Amino acid sequence: MLGLPAGWYLDPARATLEFEQVFAGSWQFVCHVSDLPAAGTAVRFDCSGRSAVVLRAGSGELRAFRNVCRHRGARLIDGDRATGLAFCVDARLRCPYHGWTYDDSGALVAIPESQRHTSLDRSALGLYPLPVQQWRGLVFVAFGPPARPLHEALGQVDGSWPDLGALRRLAEPASVACAADWKLACEHLLDAQHRSVARPGLKPGVFAVPEFDRSGEDAIGGTAALATGDQGSWSARAYRRLASESTPAEARAEIVFLWPGTLLQLAPEGLTVQQVLPGVAGGCSLRESRYGATDAGRETRLLRYLHARVRRHALAMDLRLLERTQQGIGNLEPDAAGPVADNEPALRWFIQRMRRACGDAGRDTRAAAPRRRLRRRTAVPAAT
């Protein structure tokens with residue numbers, strides 16, 4: 001099996017195509033239900049230049065809208081810089097530009113008296129609604145009609161995952177820029193064979209290579225046992241030892257990758273959500289959110305500390321490796337594609353899913369351009 005053509009990682013014209021074919025109808029992780037505890041609490045979520053707002057309505061229901069005023073197109077809420085969280089008085093969204101106000105159903109309910117509009121149909125100027133659903137305490141939104149409900153997308157792979165509603169955010173979500181195409185970053189998350197080569201300082205890491213044994217149309221799932229051996233960083237060694245002693249029955253990680261770029265990892269100390277969000281061609285952002293129990297004991301808190309150290313070290317290496325790979329791909333012909341190993345089920349799944357999403361429409365536009373044939377030149381001896 002061959003991977004994706006090199007041009008798919010390089011062509012800036014693909015951004016609009018991939019949003020429409022991949023991201024618009026897919027579920028994107030936004031936050032945990034505990035981040036929206038009361039009526040009026042809201043959160044902003046951005047993806048590929050689009051923005052959504054999820055609001056806790058007065059009835060307690062979660063509702064989502066495009067984060068844009070119907071008057072002049074201003075963004076309705078900014079939210080906290082790190083978390084995106086905001087509060088809307090009386091669960092109403094008021095535009096900061098001209099003061100147009102919408103209730104928690106998205107209906108336009110107020111316009112400042114100083115603004116005169118003749119024959120204005122307010123009923124036609126409500127906010128654009130977006131699909132929003134929950135899965136075991138996690139909130140997801142879609143920017144267009146999803147192919148299937150969230151519980152169906154995850155139902156074939158969630159296995160023995162518990163309810164996560166009792167968890168709470170452990171730290172503000174962290175987002176870092178990555179100088180690589182979003183597809184390359186997703187493939188890196190699912191690539192199992194690079195660990196022993198590209199991460200020598202973390203060999204072995206905290207967990208062994210995941211075994212993906214469950215797959216569906218929009219998700220793939222599996223488990224990862226604790227890595228074995230006495231090597232690796234002191235943080236990884238301490239984590240493995242403590243996890244095997246304090247939680248021997250739970251000393252593994254449950255993993256789910258939700259199309260197109262959300263990785264959920266449930267470890268003994270809590271949940272980590274990693275997201276790959278697209279940017280311009282050759283760039284993306286990596287967002288990480290962590291959740292855990294509020295009544296955690298000393299051992300669990302120590303596991304969190306140790307795992308965070310390992311993850312920071314791994315992220316630094318991953319960013320360098322992804323940038324190196326993105327730059328290297330630029331030296332290939334647009335239609336060049338490398339082979340994918342048979343024992344890379346998750347990586348193969350992602351590539352096949354990407355091909356189904358884009359199909360012939362995903363061909364790199366530069367690949368069809370005529371190329372000049374280079375005449376073979378006879379080698380000329382160098383002057384001595």
# chains A, B, ... in the order shown; residues from 1 in each chain; ligands from 1

call {"tool": "select_by_dssp", "arguments": {"residues": "region 100-300 of chain A", "states": "alpha helix (DSSP H)", "output": "ChimeraX atom specification"}}
result
/A:150-155,182-190,195-198,234-246,298-300

call {"tool": "residues_around", "arguments": {"residues": "region 89-106 of chain A", "least_positions_apart": "2", "cutoff": "6 Å", "atoms": "only C-alpha atoms", "output": "compact mmCIF listing (two decimals) with C-alpha atoms, in the first residue's frame"}}
result
# COMPACT_ATOMS: atom_id res chain seq x y z
CA ALA A 39 -26.74 28.77 31.76
CA GLY A 40 -24.83 31.46 29.89
CA ALA A 57 -28.96 27.51 27.24
CA LEU A 76 -19.71 37.40 18.59
CA LEU A 108 -32.44 37.96 16.93
CA VAL A 109 -34.19 39.63 19.88
CA ALA A 110 -32.79 43.16 20.15
CA ILE A 111 -31.35 45.93 17.99
CA GLY A 126 -31.10 34.45 13.44
CA LEU A 127 -27.74 32.80 14.07

call {"tool": "closest_atom_pairs", "arguments": {"of": "region 152-261 of chain A", "to": "region 285-292 of chain A", "cutoff": "12 Å", "atoms": "only C-alpha atoms", "output": "Markdown table"}}
result
| residue | atom | partner | partner_atom | distance |
| --- | --- | --- | --- | --- |
| A:Leu164 | CA | A:Gly292 | CA | 8.8 |
| A:Gly165 | CA | A:Gly292 | CA | 10.1 |
| A:Ala166 | CA | A:Gly292 | CA | 8.3 |
| A:Leu167 | CA | A:Gly292 | CA | 4.9 |
| A:Arg168 | CA | A:Tyr291 | CA | 5.2 |
| A:Arg169 | CA | A:Tyr291 | CA | 4.4 |
| A:Leu170 | CA | A:Tyr291 | CA | 5.1 |
| A:Ala171 | CA | A:Arg290 | CA | 6.5 |
| A:Glu172 | CA | A:Ser289 | CA | 7.0 |
| A:Pro173 | CA | A:Ser289 | CA | 4.6 |
| A:Ala174 | CA | A:Glu288 | CA | 5.3 |
| A:Ser175 | CA | A:Arg287 | CA | 4.2 |
| A:Val176 | CA | A:Leu286 | CA | 5.4 |
| A:Ala177 | CA | A:Ser285 | CA | 4.5 |
| A:Cys178 | CA | A:Ser285 | CA | 5.4 |
| A:Ala179 | CA | A:Ser285 | CA | 8.4 |
| A:Ala180 | CA | A:Ser285 | CA | 8.9 |
| A:Asp181 | CA | A:Ser285 | CA | 9.2 |
| A:Trp182 | CA | A:Ser285 | CA | 7.8 |
| A:Lys183 | CA | A:Ser285 | CA | 11.4 |
| A:Leu184 | CA | A:Ser285 | CA | 11.7 |
| A:Ala185 | CA | A:Leu286 | CA | 8.4 |
| A:Cys186 | CA | A:Leu286 | CA | 9.8 |
| A:His188 | CA | A:Leu286 | CA | 11.9 |
| A:Leu189 | CA | A:Leu286 | CA | 10.9 |
| A:Gly261 | CA | A:Leu286 | CA | 9.7 |

call {"tool": "write_last_selection", "arguments": {"atoms": "C-alpha atoms", "output": "JSON list (two decimals), in the first residue's frame"}}
result
[["chain", "number", "residue", "atom", "x", "y", "z"],
["A", 164, "LEU", "CA", -16.05, 10.65, 31.68],
["A", 165, "GLY", "CA", -18.55, 13.15, 33.01],
["A", 166, "ALA", "CA", -17.04, 13.25, 36.51],
["A", 167, "LEU", "CA", -13.64, 14.39, 35.23],
["A", 168, "ARG", "CA", -12.49, 17.99, 35.40],
["A", 169, "ARG", "CA", -9.97, 20.06, 33.45],
["A", 170, "LEU", "CA", -6.49, 19.73, 34.96],
["A", 171, "ALA", "CA", -4.87, 22.62, 33.09],
["A", 172, "GLU", "CA", -5.62, 25.12, 30.38],
["A", 173, "PRO", "CA", -5.53, 23.62, 26.87],
["A", 174, "ALA", "CA", -2.12, 24.07, 25.27],
["A", 175, "SER", "CA", -1.81, 24.85, 21.57],
["A", 176, "VAL", "CA", 1.45, 24.99, 19.63],
["A", 177, "ALA", "CA", 2.18, 25.81, 16.01],
["A", 178, "CYS", "CA", 3.60, 22.98, 13.90],
["A", 179, "ALA", "CA", 5.47, 23.57, 10.65],
["A", 180, "ALA", "CA", 3.90, 20.57, 8.91],
["A", 181, "ASP", "CA", 0.69, 19.80, 7.07],
["A", 182, "TRP", "CA", -2.16, 18.56, 9.28],
["A", 183, "LYS", "CA", -2.28, 15.19, 7.50],
["A", 184, "LEU", "CA", 1.40, 14.63, 8.20],
["A", 185, "ALA", "CA", 0.82, 15.39, 11.89],
["A", 186, "CYS", "CA", -2.13, 12.95, 12.05],
["A", 188, "HIS", "CA", 2.67, 10.85, 12.90],
["A", 189, "LEU", "CA", 0.23, 10.34, 15.79],
["A", 261, "GLY", "CA", -7.63, 14.52, 13.81]]

call {"tool": "atom_distance", "arguments": {"atom1": "CA of Glu245 (chain A)", "atom2": "CA of Leu190 (chain A)"}}
result
28.5 Å

call {"tool": "residues_around", "arguments": {"residues": "region 329-337 of chain A", "least_positions_apart": "4", "cutoff": "6 Å", "atoms": "only C-alpha atoms", "output": "PyMOL selection string"}}
result
chain A and resi 2-7+367

call {"tool": "closest_atom_pairs", "arguments": {"of": "region 191-273 of chain A", "to": "region 14-26 of chain A", "cutoff": "12 Å", "atoms": "only C-alpha atoms", "output": "CSV"}}
result
residue,atom,partner,partner_atom,distance
A:Glu217,CA,A:Ser26,CA,11.5
A:Asp218,CA,A:Ser26,CA,8.6
A:Ala219,CA,A:Ser26,CA,11.0
A:Leu258,CA,A:Ser26,CA,9.0
A:Trp259,CA,A:Ser26,CA,7.0
A:Pro260,CA,A:Val22,CA,7.0
A:Gly261,CA,A:Phe23,CA,9.3
A:Thr262,CA,A:Ser26,CA,10.5

call {"tool": "select_by_dssp", "arguments": {"residues": "region 109-190 of chain A", "states": "strand (DSSP E or B)", "output": "ChimeraX atom specification"}}
result
/A:109-110,129-130,132-135,138-141,168-169,174-178

call {"tool": "write_last_selection", "arguments": {"atoms": "C-alpha atoms", "output": "tab-separated table (two decimals), in the first residue's frame"}}
result
chain	number	residue	atom	x	y	z
A	109	VAL	CA	-34.19	39.63	19.88
A	110	ALA	CA	-32.79	43.16	20.15
A	129	PRO	CA	-27.10	26.70	14.06
A	130	LEU	CA	-24.46	23.96	14.15
A	132	VAL	CA	-23.49	19.72	18.81
A	133	GLN	CA	-23.46	16.40	20.68
A	134	GLN	CA	-21.94	14.81	23.77
A	135	TRP	CA	-20.12	11.52	24.19
A	138	LEU	CA	-17.07	15.26	26.08
A	139	VAL	CA	-18.59	17.95	23.86
A	140	PHE	CA	-18.21	17.89	20.08
A	141	VAL	CA	-19.37	20.24	17.34
A	168	ARG	CA	-12.49	17.99	35.40
A	169	ARG	CA	-9.97	20.06	33.45
A	174	ALA	CA	-2.12	24.07	25.27
A	175	SER	CA	-1.81	24.85	21.57
A	176	VAL	CA	1.45	24.99	19.63
A	177	ALA	CA	2.18	25.81	16.01
A	178	CYS	CA	3.60	22.98	13.90

call {"tool": "residues_around", "arguments": {"residues": "Glu344 (chain A)", "least_positions_apart": "4", "cutoff": "9 Å", "atoms": "only C-alpha atoms", "output": "list in words"}}
result
Leu190, Asp191, Ala192, Gln193, Val340, Arg348 and Trp349 of chain A

call {"tool": "atom_distance", "arguments": {"atom1": "CA of Ala42 (chain A)", "atom2": "CA of Pro145 (chain A)"}}
result
21.5 Å

call {"tool": "residues_around", "arguments": {"residues": "region 147-162 of chain A", "least_positions_apart": "3", "cutoff": "6 Å", "atoms": "only C-alpha atoms", "output": "mmCIF file with N, CA and C atoms, in the first residue's frame"}}
result
data_model
loop_
_atom_site.group_PDB
_atom_site.id
_atom_site.type_symbol
_atom_site.label_atom_id
_atom_site.label_comp_id
_atom_site.auth_asym_id
_atom_site.auth_seq_id
_atom_site.Cartn_x
_atom_site.Cartn_y
_atom_site.Cartn_z
ATOM 1 N N ARG A 214 -9.944 -2.338 16.763
ATOM 2 C CA ARG A 214 -11.331 -1.968 16.490
ATOM 3 C C ARG A 214 -11.323 -0.797 15.512
ATOM 4 N N SER A 215 -12.124 -0.895 14.463
ATOM 5 C CA SER A 215 -12.162 0.191 13.485
ATOM 6 C C SER A 215 -13.565 0.338 12.925
ATOM 7 N N GLY A 216 -13.913 1.559 12.601
ATOM 8 C CA GLY A 216 -15.171 1.882 11.966
ATOM 9 C C GLY A 216 -14.923 2.865 10.848
ATOM 10 N N ASP A 218 -15.427 6.117 10.900
ATOM 11 C CA ASP A 218 -14.915 7.399 11.351
ATOM 12 C C ASP A 218 -14.017 7.320 12.581
ATOM 13 N N ILE A 220 -11.008 4.670 14.970
ATOM 14 C CA ILE A 220 -10.245 3.443 15.168
ATOM 15 C C ILE A 220 -9.815 3.421 16.630
ATOM 16 N N GLY A 221 -9.834 2.251 17.248
ATOM 17 C CA GLY A 221 -9.541 2.166 18.669
ATOM 18 C C GLY A 221 -8.669 0.988 19.021
#

call {"tool": "decode", "arguments": {"residues": "region 167-312 of chain A", "atoms": "C-alpha atoms", "output": "mmCIF file, in the first residue's frame"}}
result
data_model
loop_
_atom_site.group_PDB
_atom_site.id
_atom_site.type_symbol
_atom_site.label_atom_id
_atom_site.label_comp_id
_atom_site.auth_asym_id
_atom_site.auth_seq_id
_atom_site.Cartn_x
_atom_site.Cartn_y
_atom_site.Cartn_z
ATOM 1 C CA LEU A 167 -13.636 14.390 35.229
ATOM 2 C CA ARG A 168 -12.490 17.990 35.396
ATOM 3 C CA ARG A 169 -9.968 20.057 33.450
ATOM 4 C CA LEU A 170 -6.486 19.728 34.961
ATOM 5 C CA ALA A 171 -4.870 22.615 33.091
ATOM 6 C CA GLU A 172 -5.616 25.119 30.379
ATOM 7 C CA PRO A 173 -5.526 23.623 26.868
ATOM 8 C CA ALA A 174 -2.122 24.068 25.266
ATOM 9 C CA SER A 175 -1.814 24.852 21.571
ATOM 10 C CA VAL A 176 1.447 24.990 19.630
ATOM 11 C CA ALA A 177 2.181 25.805 16.012
ATOM 12 C CA CYS A 178 3.598 22.978 13.905
ATOM 13 C CA ALA A 179 5.471 23.571 10.648
ATOM 14 C CA ALA A 180 3.899 20.566 8.910
ATOM 15 C CA ASP A 181 0.689 19.804 7.067
ATOM 16 C CA TRP A 182 -2.158 18.564 9.281
ATOM 17 C CA LYS A 183 -2.281 15.187 7.504
ATOM 18 C CA LEU A 184 1.396 14.626 8.204
ATOM 19 C CA ALA A 185 0.821 15.386 11.889
ATOM 20 C CA CYS A 186 -2.127 12.954 12.052
ATOM 21 C CA GLU A 187 -0.105 10.238 10.399
ATOM 22 C CA HIS A 188 2.670 10.850 12.895
ATOM 23 C CA LEU A 189 0.230 10.337 15.788
ATOM 24 C CA LEU A 190 -0.749 6.958 14.335
ATOM 25 C CA ASP A 191 2.699 5.877 13.105
ATOM 26 C CA ALA A 192 4.082 3.171 15.394
ATOM 27 C CA GLN A 193 7.403 2.372 13.735
ATOM 28 C CA HIS A 194 9.170 5.716 14.185
ATOM 29 C CA ARG A 195 9.376 5.517 17.974
ATOM 30 C CA SER A 196 12.482 3.384 18.322
ATOM 31 C CA VAL A 197 14.320 5.354 15.625
ATOM 32 C CA ALA A 198 13.257 8.989 16.037
ATOM 33 C CA ARG A 199 12.845 8.969 19.831
ATOM 34 C CA PRO A 200 15.963 7.273 21.174
ATOM 35 C CA GLY A 201 15.837 9.319 24.373
ATOM 36 C CA LEU A 202 12.364 7.971 25.148
ATOM 37 C CA LYS A 203 12.991 4.332 24.277
ATOM 38 C CA PRO A 204 11.036 2.728 25.726
ATOM 39 C CA GLY A 205 8.405 5.348 26.542
ATOM 40 C CA VAL A 206 5.555 5.134 28.994
ATOM 41 C CA PHE A 207 3.373 2.857 26.885
ATOM 42 C CA ALA A 208 4.178 0.253 24.268
ATOM 43 C CA VAL A 209 3.042 0.518 20.648
ATOM 44 C CA PRO A 210 -0.800 0.563 20.640
ATOM 45 C CA GLU A 211 -2.665 -2.443 19.324
ATOM 46 C CA PHE A 212 -5.532 -1.132 17.201
ATOM 47 C CA ASP A 213 -8.089 -3.916 17.003
ATOM 48 C CA ARG A 214 -11.331 -1.968 16.490
ATOM 49 C CA SER A 215 -12.162 0.191 13.485
ATOM 50 C CA GLY A 216 -15.171 1.882 11.966
ATOM 51 C CA GLU A 217 -15.831 4.382 9.231
ATOM 52 C CA ASP A 218 -14.915 7.399 11.351
ATOM 53 C CA ALA A 219 -12.823 6.043 14.224
ATOM 54 C CA ILE A 220 -10.245 3.443 15.168
ATOM 55 C CA GLY A 221 -9.541 2.166 18.669
ATOM 56 C CA GLY A 222 -7.201 -0.007 20.660
ATOM 57 C CA THR A 223 -5.120 -0.355 23.802
ATOM 58 C CA ALA A 224 -1.503 0.174 24.776
ATOM 59 C CA ALA A 225 0.144 -1.762 27.579
ATOM 60 C CA LEU A 226 2.868 -0.322 29.761
ATOM 61 C CA ALA A 227 6.238 -0.480 28.076
ATOM 62 C CA THR A 228 8.717 -2.970 29.476
ATOM 63 C CA GLY A 229 12.409 -2.621 30.230
ATOM 64 C CA ASP A 230 14.609 -0.568 32.522
ATOM 65 C CA GLN A 231 15.717 1.971 29.919
ATOM 66 C CA GLY A 232 14.317 5.330 28.872
ATOM 67 C CA SER A 233 14.182 8.652 30.692
ATOM 68 C CA TRP A 234 13.886 8.658 34.478
ATOM 69 C CA SER A 235 10.365 10.105 34.142
ATOM 70 C CA ALA A 236 9.234 7.217 31.939
ATOM 71 C CA ARG A 237 10.869 4.623 34.212
ATOM 72 C CA ALA A 238 9.287 6.156 37.316
ATOM 73 C CA TYR A 239 5.871 6.300 35.653
ATOM 74 C CA ARG A 240 5.978 2.662 34.592
ATOM 75 C CA ARG A 241 7.094 1.504 38.012
ATOM 76 C CA LEU A 242 4.508 3.552 39.899
ATOM 77 C CA ALA A 243 1.642 2.631 37.545
ATOM 78 C CA SER A 244 2.397 -1.075 37.737
ATOM 79 C CA GLU A 245 2.505 -0.916 41.555
ATOM 80 C CA SER A 246 -0.428 1.400 42.329
ATOM 81 C CA THR A 247 -2.916 0.488 39.560
ATOM 82 C CA PRO A 248 -1.862 -2.938 38.251
ATOM 83 C CA ALA A 249 -5.318 -3.779 36.853
ATOM 84 C CA GLU A 250 -5.533 -0.457 34.994
ATOM 85 C CA ALA A 251 -1.912 -0.076 33.933
ATOM 86 C CA ARG A 252 -2.685 0.448 30.272
ATOM 87 C CA ALA A 253 -4.060 3.152 28.010
ATOM 88 C CA GLU A 254 -7.309 3.046 26.049
ATOM 89 C CA ILE A 255 -6.944 4.890 22.748
ATOM 90 C CA VAL A 256 -9.469 6.171 20.209
ATOM 91 C CA PHE A 257 -8.656 8.201 17.115
ATOM 92 C CA LEU A 258 -11.682 10.079 15.771
ATOM 93 C CA TRP A 259 -11.562 11.188 12.165
ATOM 94 C CA PRO A 260 -10.032 13.435 11.044
ATOM 95 C CA GLY A 261 -7.632 14.516 13.809
ATOM 96 C CA THR A 262 -8.678 13.875 17.416
ATOM 97 C CA LEU A 263 -6.805 11.342 19.568
ATOM 98 C CA LEU A 264 -8.279 10.342 22.933
ATOM 99 C CA GLN A 265 -5.994 8.564 25.393
ATOM 100 C CA LEU A 266 -7.367 7.325 28.703
ATOM 101 C CA ALA A 267 -4.442 6.457 30.980
ATOM 102 C CA PRO A 268 -4.455 5.477 34.682
ATOM 103 C CA GLU A 269 -4.087 9.127 35.756
ATOM 104 C CA GLY A 270 -6.701 10.672 33.429
ATOM 105 C CA LEU A 271 -7.733 11.632 29.905
ATOM 106 C CA THR A 272 -5.601 13.421 27.327
ATOM 107 C CA VAL A 273 -7.168 14.817 24.156
ATOM 108 C CA GLN A 274 -4.824 15.652 21.301
ATOM 109 C CA GLN A 275 -6.130 17.534 18.285
ATOM 110 C CA VAL A 276 -4.550 18.366 14.966
ATOM 111 C CA LEU A 277 -6.143 21.507 13.507
ATOM 112 C CA PRO A 278 -5.371 22.556 9.934
ATOM 113 C CA GLY A 279 -3.701 25.796 8.934
ATOM 114 C CA VAL A 280 -2.293 26.957 5.646
ATOM 115 C CA ALA A 281 -0.459 24.399 3.520
ATOM 116 C CA GLY A 282 2.661 23.309 5.333
ATOM 117 C CA GLY A 283 1.347 24.301 8.759
ATOM 118 C CA CYS A 284 -1.091 23.231 11.461
ATOM 119 C CA SER A 285 -1.588 23.535 15.200
ATOM 120 C CA LEU A 286 -1.491 20.847 17.883
ATOM 121 C CA ARG A 287 -3.956 21.303 20.749
ATOM 122 C CA GLU A 288 -3.834 19.258 23.935
ATOM 123 C CA SER A 289 -6.390 19.149 26.764
ATOM 124 C CA ARG A 290 -6.093 17.098 29.964
ATOM 125 C CA TYR A 291 -8.812 15.955 32.353
ATOM 126 C CA GLY A 292 -8.799 13.916 35.531
ATOM 127 C CA ALA A 293 -10.575 13.114 38.772
ATOM 128 C CA THR A 294 -10.720 15.894 41.362
ATOM 129 C CA ASP A 295 -10.222 13.548 44.325
ATOM 130 C CA ALA A 296 -6.991 12.044 42.999
ATOM 131 C CA GLY A 297 -4.535 10.668 45.537
ATOM 132 C CA ARG A 298 -0.813 11.253 45.769
ATOM 133 C CA GLU A 299 0.091 8.404 43.387
ATOM 134 C CA THR A 300 -2.269 9.679 40.681
ATOM 135 C CA ARG A 301 -0.956 13.229 40.988
ATOM 136 C CA LEU A 302 2.588 11.929 40.668
ATOM 137 C CA LEU A 303 1.632 9.932 37.577
ATOM 138 C CA ARG A 304 0.246 13.110 36.021
ATOM 139 C CA TYR A 305 3.453 14.978 36.736
ATOM 140 C CA LEU A 306 5.672 12.238 35.309
ATOM 141 C CA HIS A 307 3.557 11.709 32.200
ATOM 142 C CA ALA A 308 3.484 15.458 31.534
ATOM 143 C CA ARG A 309 7.299 15.535 31.604
ATOM 144 C CA VAL A 310 7.507 12.686 29.117
ATOM 145 C CA ARG A 311 4.929 14.309 26.838
ATOM 146 C CA ARG A 312 6.772 17.646 26.807
#
